[in-house]
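Participant: This is the structure I want to talk about, given as structure tokens.
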Amino acid sequence: MMLMLLIAGCSFNANQPNEGGKSSGKVPKRIVSLMPSNTEILYELGLGDKVVGVSTVDDYPEDVKNKEQFDAMNLNKEALIKAQPDLIVAHETQKASQGKVLEGLEKSGIKVVYIKDAKSLNEMYQTFEQVGEATGTEKEAQTLVKETKKNIEKVIDGIPNKKSAPKVFVEIASEPEIYTTGNHTFMDDMLHQLKAENVFDDQEGWPKVDKEQIIKKNPDVMLATSGVTTADYQQAVSQRGGFEEVSAVKKDRIKALNDDLLSRPGPRLDDGMKKLRDAIYE
């Protein structure tokens, strides 16, 4: 499911960077990135000029529009070989659907690095370090980790004092089937970091839920990260029978947020968390 792939973050499980954070690896000359979050990390590490290809869903930074695009869910081996990358930054979920193509590219001499899902902020920081290791930019990666941690700490420090944690429902996909975020997901960790309660953290992963379950959870805040506008989300919720008794509806605490900022565990996450914090506590 493409939505779940985009929500997925990245955390390549490799050896830790060498002590002192000095670059020991060789910086690749031509990189193809098949996941938007990894593309953003590569650019932040100063490797934008080395990126020659990105996925068809990449849209940030603006420079990616000048790069060759590849369908990450349907890779074309010949097109990738023609791009002449010496490094392909792939996602672990692509092993199932695109493993044969990627294995063939490895056999032809192209290095392929598989990035795992980041299910917490700590795993996101590991991703920065490990992408840095794969590209010979360990020192830059350590700097990025420190800067991002500092920025996110500022966001957390700005949380208002509350007697109880706000109960939050996050809608990542809407009708006809509603999906939300459960336990052991990146969004769940962000909510906990922001001292909020994910009303569906008693379920694993990205569960499908029905309207009755949401009403029963009675969230204080309802947030959509499915790409809709706040006005459209409020309109959709207003048409759901029984929701007039939900606390979030009564208090008019229904909002849509930029899904890219929250679904991509990367350098812009502090901006995403600030918007998430403000939406929860406004």
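We label chains A, B, ... in the order they appear in the structure tokens, count residues from 1 in each chain, and number ligands from 1 in the order shown.
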Once DSSP has gone over the backbone, tell me which residues of region 14-258 of chain A are in strand (DSSP E or B), as number ranges by chain.

Facilitator: A: 31-33, 51-55, 68-70, 87-91, 111-115, 167-173, 178-180, 183, 197-198, 204, 208-209, 221-224, 254-256

Participant: Just the residues within 9 Å of Lys26 (chain A), please, counting only C-alpha atoms, with nothing from its chain fewer than 3 positions along; format it as an MDAnalysis selection string.

Facilitator: chainID A and resid 23 134:137

Participant: For the residues selected in the previous step, produce a file with all heavy atoms as a JSON list (two decimals), in the first residue's frame.

Facilitator:
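Contents of selection-v3.json, freshly written:
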```json
[["chain", "number", "residue", "atom", "x", "y", "z"],
["A", 23, "SER", "N", 34.48, 11.12, 8.64],
["A", 23, "SER", "CA", 34.09, 10.37, 7.47],
["A", 23, "SER", "C", 35.18, 9.39, 7.09],
["A", 23, "SER", "O", 36.34, 9.75, 6.94],
["A", 23, "SER", "CB", 33.83, 11.32, 6.29],
["A", 23, "SER", "OG", 32.75, 12.18, 6.58],
["A", 134, "ALA", "N", 26.76, 5.41, 4.91],
["A", 134, "ALA", "CA", 26.68, 4.84, 3.56],
["A", 134, "ALA", "C", 27.23, 5.78, 2.50],
["A", 134, "ALA", "O", 27.62, 5.34, 1.42],
["A", 134, "ALA", "CB", 25.23, 4.48, 3.23],
["A", 135, "THR", "N", 27.27, 7.08, 2.83],
["A", 135, "THR", "CA", 27.71, 8.07, 1.84],
["A", 135, "THR", "C", 29.02, 8.76, 2.20],
["A", 135, "THR", "O", 29.42, 9.73, 1.55],
["A", 135, "THR", "CB", 26.61, 9.15, 1.67],
["A", 135, "THR", "OG1", 26.33, 9.74, 2.94],
["A", 135, "THR", "CG2", 25.35, 8.55, 1.09],
["A", 136, "GLY", "N", 29.68, 8.29, 3.25],
["A", 136, "GLY", "CA", 30.94, 8.89, 3.64],
["A", 136, "GLY", "C", 30.81, 10.28, 4.23],
["A", 136, "GLY", "O", 31.73, 11.09, 4.15],
["A", 137, "THR", "N", 29.65, 10.57, 4.83],
["A", 137, "THR", "CA", 29.42, 11.90, 5.42],
["A", 137, "THR", "C", 29.02, 11.76, 6.89],
["A", 137, "THR", "O", 28.07, 12.40, 7.35],
["A", 137, "THR", "CB", 28.32, 12.66, 4.64],
["A", 137, "THR", "OG1", 27.12, 11.86, 4.62],
["A", 137, "THR", "CG2", 28.75, 12.97, 3.23]]
```

Participant: Would you pick out the contacts of Lys150 (chain A) at 12 Å or less, using only C-alpha atoms, so that residues sharing its chain but fewer than 4 positions from it are not included, and give the list as a ChimeraX atom specification?

Facilitator: /A:125,143-146,154-157,267,269-270

Participant: Based on the selection just made, write N, CA, C and O atoms of those residues as a PDB file, in the first residue's frame.

Facilitator:
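As written to disk, result-v9.pdb reads:
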```pdb
ATOM      1  N   TYR A 125      17.096   9.326  14.212  1.00  0.00           N
ATOM      2  CA  TYR A 125      18.467   9.816  14.383  1.00  0.00           C
ATOM      3  C   TYR A 125      19.478   8.773  13.894  1.00  0.00           C
ATOM      4  O   TYR A 125      20.496   9.113  13.287  1.00  0.00           O
ATOM      5  N   THR A 143      26.312  16.087  12.993  1.00  0.00           N
ATOM      6  CA  THR A 143      25.882  17.476  13.165  1.00  0.00           C
ATOM      7  C   THR A 143      24.380  17.599  12.966  1.00  0.00           C
ATOM      8  O   THR A 143      23.697  18.298  13.717  1.00  0.00           O
ATOM      9  N   LEU A 144      23.873  16.919  11.957  1.00  0.00           N
ATOM     10  CA  LEU A 144      22.438  16.947  11.686  1.00  0.00           C
ATOM     11  C   LEU A 144      21.644  16.355  12.849  1.00  0.00           C
ATOM     12  O   LEU A 144      20.597  16.888  13.220  1.00  0.00           O
ATOM     13  N   VAL A 145      22.145  15.271  13.429  1.00  0.00           N
ATOM     14  CA  VAL A 145      21.479  14.666  14.584  1.00  0.00           C
ATOM     15  C   VAL A 145      21.393  15.669  15.728  1.00  0.00           C
ATOM     16  O   VAL A 145      20.326  15.869  16.327  1.00  0.00           O
ATOM     17  N   LYS A 146      22.503  16.313  16.035  1.00  0.00           N
ATOM     18  CA  LYS A 146      22.540  17.267  17.149  1.00  0.00           C
ATOM     19  C   LYS A 146      21.597  18.437  16.911  1.00  0.00           C
ATOM     20  O   LYS A 146      20.866  18.863  17.811  1.00  0.00           O
ATOM     21  N   LYS A 154      13.258  21.964  21.690  1.00  0.00           N
ATOM     22  CA  LYS A 154      12.614  23.274  21.832  1.00  0.00           C
ATOM     23  C   LYS A 154      11.112  23.165  21.653  1.00  0.00           C
ATOM     24  O   LYS A 154      10.335  23.808  22.356  1.00  0.00           O
ATOM     25  N   VAL A 155      10.700  22.332  20.695  1.00  0.00           N
ATOM     26  CA  VAL A 155       9.275  22.118  20.460  1.00  0.00           C
ATOM     27  C   VAL A 155       8.629  21.489  21.689  1.00  0.00           C
ATOM     28  O   VAL A 155       7.569  21.934  22.144  1.00  0.00           O
ATOM     29  N   ILE A 156       9.281  20.482  22.251  1.00  0.00           N
ATOM     30  CA  ILE A 156       8.747  19.792  23.429  1.00  0.00           C
ATOM     31  C   ILE A 156       8.709  20.722  24.634  1.00  0.00           C
ATOM     32  O   ILE A 156       7.762  20.704  25.428  1.00  0.00           O
ATOM     33  N   ASP A 157       9.733  21.564  24.774  1.00  0.00           N
ATOM     34  CA  ASP A 157       9.777  22.515  25.888  1.00  0.00           C
ATOM     35  C   ASP A 157       8.631  23.517  25.817  1.00  0.00           C
ATOM     36  O   ASP A 157       8.276  24.129  26.828  1.00  0.00           O
ATOM     37  N   PRO A 267      14.844  15.722   8.203  1.00  0.00           N
ATOM     38  CA  PRO A 267      15.335  16.980   8.776  1.00  0.00           C
ATOM     39  C   PRO A 267      14.263  18.024   9.060  1.00  0.00           C
ATOM     40  O   PRO A 267      14.482  18.931   9.847  1.00  0.00           O
ATOM     41  N   LEU A 269      11.376  17.430  10.456  1.00  0.00           N
ATOM     42  CA  LEU A 269      10.424  16.904  11.428  1.00  0.00           C
ATOM     43  C   LEU A 269      10.141  17.879  12.561  1.00  0.00           C
ATOM     44  O   LEU A 269       9.038  17.892  13.102  1.00  0.00           O
ATOM     45  N   ASP A 270      11.102  18.723  12.923  1.00  0.00           N
ATOM     46  CA  ASP A 270      10.846  19.684  13.993  1.00  0.00           C
ATOM     47  C   ASP A 270       9.707  20.637  13.598  1.00  0.00           C
ATOM     48  O   ASP A 270       8.880  21.000  14.435  1.00  0.00           O
TER      49      ASP A 270
END
```

Participant: Contacts between region 191-194 of chain A and region 56-164 of chain A, please, where a residue of region 56-164 of chain A counts if it comes within 12 Å (with only C-alpha atoms); show its shortest atom pair and distance in Å to one decimal, rows by chain and ascending number, as CSV.

Facilitator:
```
residue,atom,partner,partner_atom,distance
A:Ser120,CA,A:Gln193,CA,9.7
A:Leu121,CA,A:Gln193,CA,8.9
A:Asn122,CA,A:Gln193,CA,11.2
A:Ile152,CA,A:Gln193,CA,9.6
A:Glu153,CA,A:Gln193,CA,9.6
A:Lys154,CA,A:Leu194,CA,11.2
A:Val155,CA,A:Leu194,CA,8.5
A:Ile156,CA,A:Leu194,CA,6.0
A:Asp157,CA,A:Leu194,CA,9.2
A:Gly158,CA,A:Leu194,CA,9.5
A:Ile159,CA,A:Leu194,CA,7.1
A:Pro160,CA,A:Leu194,CA,10.1
A:Asn161,CA,A:Leu194,CA,11.3
A:Lys162,CA,A:Leu194,CA,11.5
```

Participant: What is the distance between CA of Asp232 (chain A) and CA of Lys255 (chain A), in Å to one decimal?

Facilitator: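 So the two atoms, CA of Asp232 (chain A) and CA of Lys255 (chain A), lie 9.5 Å apart.
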
Participant: So that I can check the secondary structure, give me every residue of region 233-272 of chain A assigned helix (DSSP H, G or I) by backbone DSSP, as an MDAnalysis selection string.

Facilitator: chainID A and resid 233:238 243:245 247:250 259:263 269:272

Participant: What is the distance between CA of Glu204 (chain A) and CA of Asn151 (chain A), in Å to one decimal?

Facilitator: 28.8 Å

Participant: Between A:Asp252, A:Gly266, A:Gly46, A:Glu244, which is the closest to Ala231 (chain A) once you count only C-alpha atoms?

Facilitator: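 Checking each of A:Asp252, A:Gly266, A:Gly46, A:Glu244 against Ala231 (chain A), counting only C-alpha atoms, the winner is A:Asp252.
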
Participant: Hey, can you check how far CA of Phe243 (chain A) sits from CA of Ile215 (chain A)?

Facilitator: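 Here the two named atoms are 6.3 Å from each other.
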
Participant: May I ask which of the residues A:Asp271, A:Asp49, A:Asp259, A:Asp278 is the closest one to Ser226 (chain A), counting only C-alpha atoms?

Facilitator: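 Selected residue with least distance to Ser226 (chain A): A:Asp259.
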
Participant: Set the distance at 9 Å and use only C-alpha atoms: which residues neighbour region 53-69 of chain A once local chain neighbours fewer than 5 positions away are removed? I'd like the list as a list in words.

Facilitator: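 The residues satisfying every condition are Leu6, Arg30, Ile31, Val32, Ser33, Leu34, Met35, Pro36, Ser37, Thr39, Glu40, Tyr43, Gly48, Leu80, Ala83 and Pro85 of chain A.
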
Participant: Any idea what's packed within 10 Å of Lys29 (chain A), counting only C-alpha atoms, ignoring anything in its chain fewer than 5 positions away? Could you give it as a PDB file with N, CA and C atoms, in the first residue's frame?

Facilitator:
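Contents of selection-v1.pdb, as written:
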```pdb
ATOM      1  N   LEU A  47      24.558  16.495  -0.109  1.00  0.00           N
ATOM      2  CA  LEU A  47      24.768  15.587  -1.232  1.00  0.00           C
ATOM      3  C   LEU A  47      23.777  15.799  -2.370  1.00  0.00           C
ATOM      4  N   ASP A  49      23.883  17.617  -4.962  1.00  0.00           N
ATOM      5  CA  ASP A  49      24.478  17.612  -6.304  1.00  0.00           C
ATOM      6  C   ASP A  49      24.891  16.215  -6.741  1.00  0.00           C
ATOM      7  N   LYS A  50      24.940  15.275  -5.787  1.00  0.00           N
ATOM      8  CA  LYS A  50      25.284  13.881  -6.111  1.00  0.00           C
ATOM      9  C   LYS A  50      24.032  13.061  -6.457  1.00  0.00           C
ATOM     10  N   VAL A  51      22.864  13.569  -6.078  1.00  0.00           N
ATOM     11  CA  VAL A  51      21.612  12.866  -6.344  1.00  0.00           C
ATOM     12  C   VAL A  51      21.244  13.056  -7.814  1.00  0.00           C
ATOM     13  N   VAL A  52      21.157  11.945  -8.535  1.00  0.00           N
ATOM     14  CA  VAL A  52      20.818  12.009  -9.961  1.00  0.00           C
ATOM     15  C   VAL A  52      19.412  11.483 -10.235  1.00  0.00           C
ATOM     16  N   GLN A  84      23.380   5.304 -14.316  1.00  0.00           N
ATOM     17  CA  GLN A  84      24.758   5.067 -13.839  1.00  0.00           C
ATOM     18  C   GLN A  84      25.001   5.461 -12.374  1.00  0.00           C
ATOM     19  N   PRO A  85      24.117   5.050 -11.466  1.00  0.00           N
ATOM     20  CA  PRO A  85      24.382   5.358 -10.055  1.00  0.00           C
ATOM     21  C   PRO A  85      25.453   4.430  -9.492  1.00  0.00           C
ATOM     22  N   ASP A  86      26.210   4.920  -8.525  1.00  0.00           N
ATOM     23  CA  ASP A  86      27.094   4.019  -7.791  1.00  0.00           C
ATOM     24  C   ASP A  86      26.505   3.694  -6.425  1.00  0.00           C
ATOM     25  N   LEU A  87      25.339   4.322  -6.098  1.00  0.00           N
ATOM     26  CA  LEU A  87      24.623   4.003  -4.863  1.00  0.00           C
ATOM     27  C   LEU A  87      23.129   4.198  -5.079  1.00  0.00           C
ATOM     28  N   THR A 135      27.271   7.079   2.826  1.00  0.00           N
ATOM     29  CA  THR A 135      27.706   8.072   1.839  1.00  0.00           C
ATOM     30  C   THR A 135      29.017   8.759   2.201  1.00  0.00           C
TER      31      THR A 135
END
```

Participant: List as a list of chain:residue names the protein and nucleic acid residues near region 97-108 of chain A, meaning an atom at most 10 Å away when only C-alpha atoms are counted, but skip any in the same chain fewer than 5 places from it.

Facilitator: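 Contacts, in chain order: A:Ala72, A:Met73, A:Asn74, A:Leu75, A:Asn76, A:Lys77, A:Glu78, A:Leu80, A:Ile81, A:Pro85, A:Asp86, A:Leu87, A:Ile88, A:Ala90, A:His91, A:Glu92, A:Val113, A:Tyr114.
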
Participant: Go through A:Glu140, A:Asp189, A:Asp210, A:Asp71 and flag the residue nearest Met124 (chain A), using only C-alpha atoms for the distances.

Facilitator: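 Looking at the shortest contact to Met124 (chain A), the residue is A:Asp189.
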
Participant: Rank A:Gln126, A:Asn218, A:Ser164, A:Gln213 by their smallest atom-to-atom distance to Ala196 (chain A), using only C-alpha atoms, and report the top residue only.

Facilitator: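 Closest candidate: A:Ser164.
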
Participant: Mind checking which residues fall within 12 Å of Glu175 (chain A), counting only C-alpha atoms, ignoring those fewer than 5 positions away in the same chain, and posting them as an MDAnalysis selection string?

Facilitator: chainID A and resid 180 208:211 224 226 228 233 236:237 239:240

Participant: Just to be explicit: take each residue in the selection above, keep all heavy atoms, and write the result as a CSV table (one decimal), in the first residue's frame.

Facilitator:
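Okay, this is what ended up in again.csv:
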```csv
chain,number,residue,atom,x,y,z
A,180,THR,N,-5.9,4.6,11.0
A,180,THR,CA,-5.3,5.5,12.0
A,180,THR,C,-3.9,5.0,12.4
A,180,THR,O,-3.4,4.0,11.8
A,180,THR,CB,-6.2,5.6,13.3
A,180,THR,OG1,-5.6,6.6,14.1
A,180,THR,CG2,-6.3,4.3,14.0
A,208,LYS,N,-7.2,-0.4,10.7
A,208,LYS,CA,-8.5,0.2,10.1
A,208,LYS,C,-9.5,0.2,11.2
A,208,LYS,O,-9.6,-0.7,12.0
A,208,LYS,CB,-9.0,-0.7,9.0
A,208,LYS,CG,-10.2,-0.2,8.3
A,208,LYS,CD,-10.6,-1.1,7.1
A,208,LYS,CE,-11.0,-2.5,7.5
A,208,LYS,NZ,-11.5,-3.3,6.3
A,209,VAL,N,-10.1,1.4,11.4
A,209,VAL,CA,-11.1,1.5,12.5
A,209,VAL,C,-12.4,2.0,11.9
A,209,VAL,O,-12.5,2.6,10.8
A,209,VAL,CB,-10.6,2.5,13.5
A,209,VAL,CG1,-9.3,2.0,14.2
A,209,VAL,CG2,-10.3,3.9,12.9
A,210,ASP,N,-13.5,1.8,12.6
A,210,ASP,CA,-14.8,2.3,12.2
A,210,ASP,C,-15.3,3.5,13.0
A,210,ASP,O,-14.7,3.8,14.0
A,210,ASP,CB,-15.9,1.2,12.2
A,210,ASP,CG,-16.0,0.5,13.6
A,210,ASP,OD1,-16.0,1.3,14.6
A,210,ASP,OD2,-16.2,-0.7,13.7
A,211,LYS,N,-16.3,4.1,12.6
A,211,LYS,CA,-16.8,5.3,13.3
A,211,LYS,C,-17.2,5.1,14.7
A,211,LYS,O,-17.0,5.9,15.6
A,211,LYS,CB,-18.0,5.9,12.5
A,211,LYS,CG,-17.6,6.3,11.0
A,211,LYS,CD,-18.8,6.6,10.2
A,211,LYS,CE,-18.4,6.9,8.8
A,211,LYS,NZ,-19.6,7.1,7.9
A,224,ALA,N,-6.2,15.1,10.8
A,224,ALA,CA,-6.1,14.4,9.6
A,224,ALA,C,-4.8,14.7,8.9
A,224,ALA,O,-4.3,15.8,8.9
A,224,ALA,CB,-7.2,14.8,8.6
A,226,SER,N,-4.2,13.1,5.9
A,226,SER,CA,-4.4,12.3,4.6
A,226,SER,C,-4.3,13.2,3.4
A,226,SER,O,-4.6,12.8,2.3
A,226,SER,CB,-5.8,11.7,4.7
A,226,SER,OG,-6.8,12.7,5.0
A,228,VAL,N,-6.1,16.1,3.0
A,228,VAL,CA,-7.3,17.0,2.9
A,228,VAL,C,-7.0,18.3,3.6
A,228,VAL,O,-6.1,18.5,4.4
A,228,VAL,CB,-8.5,16.3,3.5
A,228,VAL,CG1,-8.8,15.0,2.8
A,228,VAL,CG2,-8.3,16.1,5.0
A,233,TYR,N,-12.0,18.4,6.1
A,233,TYR,CA,-12.0,17.4,7.1
A,233,TYR,C,-13.1,17.7,8.1
A,233,TYR,O,-13.9,16.8,8.5
A,233,TYR,CB,-10.6,17.3,7.8
A,233,TYR,CG,-10.6,16.2,8.9
A,233,TYR,CD1,-11.0,14.9,8.6
A,233,TYR,CD2,-10.1,16.5,10.1
A,233,TYR,CE1,-10.9,13.9,9.5
A,233,TYR,CE2,-10.0,15.4,11.1
A,233,TYR,CZ,-10.4,14.2,10.8
A,233,TYR,OH,-10.3,13.2,11.7
A,236,ALA,N,-16.3,16.7,6.5
A,236,ALA,CA,-16.5,15.2,6.5
A,236,ALA,C,-16.9,14.7,7.9
A,236,ALA,O,-17.8,13.8,8.0
A,236,ALA,CB,-15.2,14.5,6.1
A,237,VAL,N,-16.3,15.2,8.9
A,237,VAL,CA,-16.6,14.8,10.3
A,237,VAL,C,-18.0,15.2,10.7
A,237,VAL,O,-18.7,14.4,11.3
A,237,VAL,CB,-15.6,15.3,11.3
A,237,VAL,CG1,-16.0,15.1,12.7
A,237,VAL,CG2,-14.2,14.7,11.1
A,239,GLN,N,-20.5,15.2,8.9
A,239,GLN,CA,-21.5,14.4,8.3
A,239,GLN,C,-21.5,12.9,8.8
A,239,GLN,O,-22.3,12.1,8.3
A,239,GLN,CB,-21.3,14.3,6.8
A,239,GLN,CG,-21.5,15.7,6.1
A,239,GLN,CD,-21.1,15.7,4.6
A,239,GLN,OE1,-20.5,14.7,4.1
A,239,GLN,NE2,-21.4,16.8,3.9
A,240,ARG,N,-20.7,12.7,9.8
A,240,ARG,CA,-20.6,11.3,10.4
A,240,ARG,C,-21.6,11.3,11.6
A,240,ARG,O,-21.4,12.0,12.6
A,240,ARG,CB,-19.2,11.0,10.9
A,240,ARG,CG,-18.2,10.9,9.7
A,240,ARG,CD,-16.8,10.8,10.3
A,240,ARG,NE,-15.8,10.7,9.1
A,240,ARG,CZ,-14.5,10.7,9.3
A,240,ARG,NH1,-14.0,10.7,10.5
A,240,ARG,NH2,-13.7,10.7,8.2
```
